[in-house]
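Have a look at entry-v2.tsv below; it lists TSV, C-alpha atoms.
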chain	number	residue	atom	x	y	z
A	21	MET	CA	18.38	1.65	-8.07
A	22	LEU	CA	16.19	-1.41	-8.36
A	23	ILE	CA	14.01	-1.69	-5.27
A	24	VAL	CA	11.74	-4.55	-4.27
A	25	LEU	CA	9.02	-3.40	-1.88
A	26	SER	CA	6.90	-5.85	0.08
A	27	VAL	CA	3.73	-4.13	1.30
A	28	GLY	CA	1.72	-5.97	3.91
A	29	GLY	CA	-1.93	-6.47	3.12
A	30	SER	CA	-2.75	-5.36	6.67
A	31	ILE	CA	-1.66	-1.81	5.80
A	32	LEU	CA	-2.38	-1.59	2.08
A	33	ALA	CA	-5.81	-3.23	2.10
A	34	LYS	CA	-6.89	-2.26	5.61
A	35	ASP	CA	-10.69	-2.01	5.55
A	36	LEU	CA	-10.37	-2.00	1.73
A	37	ASP	CA	-10.21	1.78	1.90
A	38	PRO	CA	-9.34	3.28	-1.53
A	39	LYS	CA	-7.33	5.99	0.23
A	40	HIS	CA	-4.67	3.46	1.24
A	41	PHE	CA	-4.18	2.40	-2.37
A	42	THR	CA	-4.10	5.93	-3.76
A	43	ALA	CA	-1.68	7.07	-1.06
A	44	TYR	CA	0.73	4.24	-1.88
A	45	ALA	CA	0.31	4.90	-5.59
A	46	SER	CA	1.30	8.53	-5.08
A	47	ALA	CA	4.46	7.58	-3.18
A	48	LEU	CA	5.39	4.92	-5.73
A	49	LYS	CA	4.97	7.33	-8.64
A	50	GLU	CA	7.42	9.72	-6.99
A	51	LEU	CA	9.91	6.92	-6.37
A	52	ALA	CA	9.63	5.75	-9.96
A	53	HIS	CA	10.99	9.04	-11.28
A	54	LYS	CA	14.49	7.88	-10.38
A	55	HIS	CA	14.24	4.19	-9.48
A	56	GLN	CA	12.91	0.88	-10.79
A	57	ILE	CA	10.22	-0.48	-8.51
A	58	VAL	CA	8.74	-3.93	-8.04
A	59	VAL	CA	5.97	-4.16	-5.43
A	60	VAL	CA	4.70	-7.39	-3.88
A	61	THR	CA	1.34	-7.01	-2.13
A	62	GLY	CA	0.15	-9.10	0.78
A	63	GLY	CA	-3.32	-10.46	1.40
A	64	GLY	CA	-4.17	-8.96	4.77
A	65	VAL	CA	-7.36	-9.61	6.70
A	66	ALA	CA	-9.36	-10.55	3.60
A	67	ALA	CA	-6.97	-13.38	2.79
A	68	ARG	CA	-7.07	-14.66	6.36
A	69	ASN	CA	-10.87	-14.55	6.38
A	70	TYR	CA	-11.18	-16.51	3.15
A	71	ILE	CA	-8.59	-19.01	4.33
A	72	ASP	CA	-10.49	-19.50	7.60
A	73	VAL	CA	-13.65	-20.28	5.63
A	74	ALA	CA	-11.75	-22.64	3.33
A	75	ARG	CA	-10.39	-24.56	6.32
A	76	GLY	CA	-13.88	-24.62	7.80
A	77	VAL	CA	-15.26	-26.38	4.74
A	78	GLY	CA	-12.41	-28.90	4.69
A	79	ALA	CA	-9.93	-27.46	2.20
A	80	ASN	CA	-6.34	-28.60	2.61
A	81	GLU	CA	-3.49	-26.17	3.19
A	82	VAL	CA	-2.38	-26.06	-0.44
A	83	VAL	CA	-5.88	-25.05	-1.51
A	84	CYS	CA	-5.85	-22.43	1.26
A	85	ASP	CA	-2.54	-21.12	-0.04
A	86	PHE	CA	-3.95	-20.77	-3.55
A	87	ILE	CA	-6.93	-18.84	-2.16
A	88	GLY	CA	-4.55	-16.53	-0.29
A	89	ILE	CA	-2.51	-16.01	-3.47
A	90	ASP	CA	-5.67	-15.01	-5.34
A	91	ILE	CA	-6.42	-12.35	-2.71
A	92	THR	CA	-2.87	-10.94	-2.90
A	93	ARG	CA	-3.28	-10.63	-6.65
A	94	LEU	CA	-6.60	-8.82	-6.22
A	95	ASN	CA	-4.80	-6.33	-3.97
A	96	ALA	CA	-2.12	-6.02	-6.64
A	97	GLN	CA	-4.76	-5.24	-9.26
A	98	LEU	CA	-6.26	-2.54	-7.04
A	99	LEU	CA	-2.86	-0.91	-6.64
A	100	ILE	CA	-2.26	-1.18	-10.39
A	101	ALA	CA	-5.58	0.59	-10.96
A	102	ALA	CA	-4.51	3.35	-8.57
A	103	LEU	CA	-1.17	3.71	-10.38
A	104	GLY	CA	-2.81	3.98	-13.79
A	105	SER	CA	-0.49	4.18	-16.79
A	106	THR	CA	2.65	4.21	-14.62
A	107	ALA	CA	2.11	0.54	-13.75
A	108	TYR	CA	2.54	-2.62	-15.79
A	109	PRO	CA	-1.09	-3.56	-16.51
A	110	GLU	CA	-1.18	-7.10	-15.10
A	111	PRO	CA	0.29	-8.69	-11.97
A	112	PRO	CA	3.05	-11.14	-12.98
A	113	THR	CA	2.41	-14.64	-11.67
A	114	THR	CA	6.01	-15.96	-11.82
A	115	TYR	CA	9.47	-14.58	-11.15
A	116	LYS	CA	10.33	-14.74	-14.84
A	117	GLU	CA	7.18	-12.82	-15.75
A	118	ALA	CA	8.19	-10.16	-13.22
A	119	GLU	CA	11.59	-9.88	-14.89
A	120	SER	CA	9.97	-9.42	-18.29
A	121	ALA	CA	7.49	-6.89	-16.94
A	122	LEU	CA	10.31	-4.86	-15.42
A	123	ALA	CA	11.77	-4.36	-18.89
A	124	SER	CA	8.69	-2.26	-19.72
A	125	GLY	CA	10.07	0.54	-17.58
A	126	LYS	CA	6.85	0.68	-15.58
A	127	ILE	CA	6.16	-0.03	-11.91
A	128	VAL	CA	5.59	-3.77	-11.54
A	129	VAL	CA	3.03	-4.93	-8.97
A	130	MET	CA	2.40	-8.58	-8.14
A	131	GLY	CA	1.04	-10.83	-5.42
A	132	GLY	CA	1.93	-14.33	-4.34
A	133	VAL	CA	3.49	-16.95	-6.59
A	134	ILE	CA	3.27	-20.51	-5.27
A	135	PRO	CA	1.87	-22.30	-2.20
A	136	GLY	CA	4.14	-22.37	0.81
A	137	GLN	CA	5.64	-18.93	0.21
A	138	THR	CA	4.46	-15.78	1.95
A	139	THR	CA	4.64	-12.52	0.01
A	140	ASP	CA	7.65	-11.53	2.12
A	141	ALA	CA	9.39	-14.69	0.96
A	142	VAL	CA	8.34	-13.94	-2.62
A	143	SER	CA	9.86	-10.47	-2.25
A	144	ALA	CA	13.15	-11.86	-0.94
A	145	ILE	CA	13.39	-14.46	-3.72
A	146	LEU	CA	12.47	-11.82	-6.30
A	147	ALA	CA	15.10	-9.43	-4.95
A	148	GLU	CA	17.73	-12.15	-5.27
A	149	TYR	CA	16.55	-13.20	-8.74
A	150	LEU	CA	16.50	-9.64	-10.10
A	151	ASN	CA	19.74	-8.63	-8.33
A	152	ALA	CA	17.88	-5.78	-6.66
A	153	ASP	CA	19.84	-3.07	-4.88
A	154	MET	CA	17.55	-2.97	-1.89
A	155	MET	CA	14.50	-4.61	-0.37
A	156	VAL	CA	12.04	-2.86	1.91
A	157	ILE	CA	9.47	-4.78	3.94
A	158	ALA	CA	6.68	-2.37	4.86
A	159	THR	CA	4.69	-3.86	7.68
A	160	SER	CA	2.52	-2.78	10.61
A	161	VAL	CA	5.37	-2.72	13.17
A	162	ASP	CA	8.34	-0.37	13.34
A	163	GLY	CA	11.08	-2.95	12.91
A	164	VAL	CA	12.40	-6.14	14.47
A	165	TYR	CA	12.16	-6.77	18.22
A	166	SER	CA	13.83	-9.32	20.48
A	167	SER	CA	10.36	-10.85	20.96
A	168	ASP	CA	6.81	-10.01	19.95
A	169	PRO	CA	6.19	-6.55	21.48
A	170	ARG	CA	2.47	-7.29	21.63
A	171	GLU	CA	3.17	-10.19	23.97
A	172	ASP	CA	6.29	-8.95	25.77
A	173	PRO	CA	6.41	-5.37	27.12
A	174	GLN	CA	10.17	-5.80	27.70
A	175	ALA	CA	10.84	-6.53	24.02
A	176	LYS	CA	13.85	-4.62	22.69
A	177	LYS	CA	13.83	-3.02	19.25
A	178	PHE	CA	16.88	-3.49	17.04
A	179	ASP	CA	18.07	-0.55	14.97
A	180	ILE	CA	20.66	-2.70	13.19
A	181	MET	CA	21.10	-6.47	13.08
A	182	THR	CA	22.76	-9.07	10.90
A	183	ALA	CA	20.78	-11.39	8.65
A	184	LYS	CA	21.94	-14.30	10.83
A	185	GLU	CA	20.58	-12.55	13.93
A	186	LEU	CA	17.31	-11.93	12.09
A	187	VAL	CA	16.93	-15.65	11.38
A	188	GLY	CA	17.52	-16.47	15.04
A	189	ILE	CA	14.99	-13.91	16.28
A	190	VAL	CA	12.35	-14.96	13.76
A	191	ILE	CA	12.65	-18.65	14.58
A	192	SER	CA	12.58	-18.11	18.35
A	193	THR	CA	9.59	-15.75	18.09
A	194	GLU	CA	7.57	-17.96	15.75
A	195	MET	CA	7.99	-20.94	18.09
A	196	LYS	CA	6.11	-19.15	20.88
A	197	ALA	CA	2.35	-19.68	20.82
A	198	GLY	CA	0.45	-16.58	19.76
A	199	SER	CA	3.58	-14.63	18.88
A	200	LYS	CA	4.37	-13.29	15.42
A	201	SER	CA	7.55	-11.90	13.90
A	202	PRO	CA	7.60	-9.15	11.24
A	203	VAL	CA	8.94	-11.58	8.61
A	204	ASP	CA	8.54	-15.33	8.26
A	205	PRO	CA	11.39	-17.88	8.62
A	206	LEU	CA	11.70	-18.57	4.88
A	207	ALA	CA	11.96	-14.87	4.03
A	208	SER	CA	14.62	-14.38	6.71
A	209	LYS	CA	16.65	-17.31	5.39
A	210	ILE	CA	16.51	-15.94	1.84
A	211	ILE	CA	17.64	-12.53	3.11
A	212	GLU	CA	20.56	-14.27	4.83
A	213	ARG	CA	21.41	-16.25	1.70
A	214	CYS	CA	21.35	-13.40	-0.80
A	215	ASN	CA	22.84	-10.81	1.56
A	216	ILE	CA	20.71	-8.01	0.13
A	217	ASP	CA	20.38	-4.63	1.84
A	218	THR	CA	17.06	-4.92	3.66
A	219	ILE	CA	14.97	-2.57	5.77
A	220	ILE	CA	12.00	-3.76	7.81
A	221	MET	CA	9.87	-0.79	8.76
A	222	ASP	CA	6.48	0.60	9.66
A	223	GLY	CA	4.80	1.18	6.33
A	224	THR	CA	1.49	2.49	7.62
A	225	ASP	CA	2.24	5.89	6.07
A	226	PRO	CA	3.59	5.43	2.53
A	227	GLN	CA	5.31	8.82	2.75
A	228	ASP	CA	7.56	7.33	5.45
A	229	VAL	CA	8.52	4.55	3.05
A	230	LEU	CA	9.20	7.11	0.33
A	231	GLU	CA	11.36	9.20	2.66
A	232	VAL	CA	13.41	6.22	3.84
A	233	VAL	CA	14.05	4.88	0.34
A	234	LEU	CA	15.04	8.30	-1.02
A	235	GLN	CA	17.44	8.76	1.89
A	236	GLU	CA	18.91	5.31	1.33
A	237	ALA	CA	19.49	6.05	-2.35
A	238	VAL	CA	21.86	8.89	-1.56
A	239	LYS	CA	23.62	7.43	1.48
A	240	THR	CA	27.26	6.43	1.34
A	241	GLU	CA	27.35	5.02	4.87
A	242	LYS	CA	25.09	2.04	5.54
A	243	VAL	CA	25.90	1.02	9.10
A	244	THR	CA	23.51	3.38	10.89
A	245	GLY	CA	19.94	2.64	11.91
A	246	VAL	CA	16.88	3.75	10.02
A	247	ARG	CA	13.94	5.77	11.22
A	248	LEU	CA	10.83	3.71	11.91
A	249	GLY	CA	12.59	0.45	11.18
A	250	THR	CA	15.45	-2.02	11.41
A	251	ARG	CA	18.38	-2.28	9.03
A	252	ILE	CA	19.51	-5.81	8.15
A	253	ILE	CA	23.20	-6.05	7.29
A	254	GLY	CA	25.31	-8.94	6.02
Structure re-expressed in structure tokens:
Amino acid sequence: MLIVLSVGGSILAKDLDPKHFTAYASALKELAHKHQIVVVTGGGVAARNYIDVARGVGANEVVCDFIGIDITRLNAQLLIAALGSTAYPEPPTTYKEAESALASGKIVVMGGVIPGQTTDAVSAILAEYLNADMMVIATSVDGVYSSDPREDPQAKKFDIMTAKELVGIVISTEMKAGSKSPVDPLASKIIERCNIDTIIMDGTDPQDVLEVVLQEAVKTEKVTGVRLGTRIIG
């Protein structure tokens, strides 16, 4: 299987603790024994901090996006270092470069690509471009809720939902001040367009991600829920 994994910077680069990178590297190495892996790393708190400073000194949003992209690529380089010889040595900077890097047979790790696209959106576009078998979005929440669970204690978690339902939830959540959905509107629309098997899950522990992906690889029935996450179906 070809798997595109989007790893949020808030979990991978939390406190810039090397243990997070080595733990993910260990899980990815095990996955790579049987599967092709492309990882897209987010920027996390560091990216947000740099972007806040950039805005404070008058940078426009495109400049801020480029700064955020640079941070995601730094996180990618740290994960590449943790993976050692099992990883392609440089983070691809375009979708075509990612395709070429995949031909090396190594784990490909990259960050952002262009302004205006989050790394979740990059992952969705990449999954469509590469005709991936599955996409996993590893984030800091355990799936998709009817509203932001941090803001609404009555929020309901979905075990299974359609891509169209995902788009609706994301848009309604993002329109509420202070609320945040687990994926951004562009990523959700790409998921709907390409109709790829997608799991949005808590990726705090990379062993959970490993377990879910390995289970998915041997499943014949895809209509059930998934532990620690939400399954998106066509």
### Query
Neighbours of A:Leu186 within 8 Å (all atoms listed in the file; same-chain residues fewer than 4 positions away dropped), as a PyMOL selection string?
chain A and resi 164+181-182+190+208+252
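The closest residue to A:Ile157, picked from A:Ala45, A:Val82, A:Val203, A:Ala118 and counting only C-alpha atoms, is A:Val203.
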### Query
Using all atoms listed in the file, which residue out of A:Asp217, A:Asp37, A:Asp222, A:Asp204 lies closest to A:Gln137?
A:Asp204
### Query
With distances taken over only C-alpha atoms, which of A:Thr114, A:Thr224, A:Gln56, A:Ser124 is nearest to A:Met21?
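Comparing A:Thr114, A:Thr224, A:Gln56, A:Ser124 against A:Met21, the winner is A:Gln56.
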### Message
Ranking A:Val233, A:Gly29, A:Val129, A:Ile87 by minimum distance to A:Ala74 and counting only C-alpha atoms, which one comes first?
### Response
A:Ile87
### Query
Out of A:Ile89, A:Ser120, A:Gly63, A:Val238, which residue has the shortest atom-to-atom distance to A:Asp35 when counting all atoms listed in the file?
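Closest to A:Asp35, using all atoms listed in the file: A:Gly63.
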### Query
Using all atoms listed in the file, which of the listed residues (A:Ile191, A:Leu98, A:Ile127, A:Val156) sits closest to A:Val229?
A:Val156
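Excluding A:Thr106 and any residue on its chain fewer than 6 positions from it, the residues at most 9 Å away by all atoms listed in the file are Lys49, Ala52, Ile100, Gly125, Lys126 and Ile127 of chain A.
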With C-alpha atoms retained, export the selected residues as a CSV table (one decimal), in the coordinates of the input.
chain,number,residue,atom,x,y,z
A,49,LYS,CA,5.0,7.3,-8.6
A,52,ALA,CA,9.6,5.8,-10.0
A,100,ILE,CA,-2.3,-1.2,-10.4
A,125,GLY,CA,10.1,0.5,-17.6
A,126,LYS,CA,6.8,0.7,-15.6
A,127,ILE,CA,6.2,0.0,-11.9
### Task
Quick one: pull the distance between atom CA of A:Gln235 and atom CA of A:Ala43, Å, one decimal.
19.4 Å
#### Entry: Atom-to-atom span, atom CA of A:Ala144 and atom CA of A:Thr218, Å
9.2 Å
### Pairwise distance for atom CA of A:Thr92 and atom CA of A:Ser166, rounded to one decimal in Å
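Value for the atom CA of A:Thr92-atom CA of A:Ser166 distance: 28.8 Å.
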#### Entry: Contacts of A:Asp90 within 10 Å, all atoms listed in the file, excl. fewer than 5 positions in-chain, as number ranges by chain
A: 63, 67, 84-85, 95-96, 131-133
### Query
Contacts of A:Ile210 at 10 Å or less, counting all atoms listed in the file, minus same-chain residues fewer than 4 places along, as a list in words?
Asp140, Ala141, Val142, Ser143, Ala144, Ile145, Leu146, Ala147, Glu148, Ala183, Val187, Pro205, Leu206, Cys214, Asn215 and Ile216 of chain A
Written file, previous selection with C-alpha atoms, as a PDB file, in the frame of the given file:
ATOM      1  CA  ASP A 140       7.650 -11.530   2.120  1.00  0.00           C
ATOM      2  CA  ALA A 141       9.390 -14.690   0.960  1.00  0.00           C
ATOM      3  CA  VAL A 142       8.340 -13.940  -2.620  1.00  0.00           C
ATOM      4  CA  SER A 143       9.860 -10.470  -2.250  1.00  0.00           C
ATOM      5  CA  ALA A 144      13.150 -11.860  -0.940  1.00  0.00           C
ATOM      6  CA  ILE A 145      13.390 -14.460  -3.720  1.00  0.00           C
ATOM      7  CA  LEU A 146      12.470 -11.820  -6.300  1.00  0.00           C
ATOM      8  CA  ALA A 147      15.100  -9.430  -4.950  1.00  0.00           C
ATOM      9  CA  GLU A 148      17.730 -12.150  -5.270  1.00  0.00           C
ATOM     10  CA  ALA A 183      20.780 -11.390   8.650  1.00  0.00           C
ATOM     11  CA  VAL A 187      16.930 -15.650  11.380  1.00  0.00           C
ATOM     12  CA  PRO A 205      11.390 -17.880   8.620  1.00  0.00           C
ATOM     13  CA  LEU A 206      11.700 -18.570   4.880  1.00  0.00           C
ATOM     14  CA  CYS A 214      21.350 -13.400  -0.800  1.00  0.00           C
ATOM     15  CA  ASN A 215      22.840 -10.810   1.560  1.00  0.00           C
ATOM     16  CA  ILE A 216      20.710  -8.010   0.130  1.00  0.00           C
TER      17      ILE A 216
END
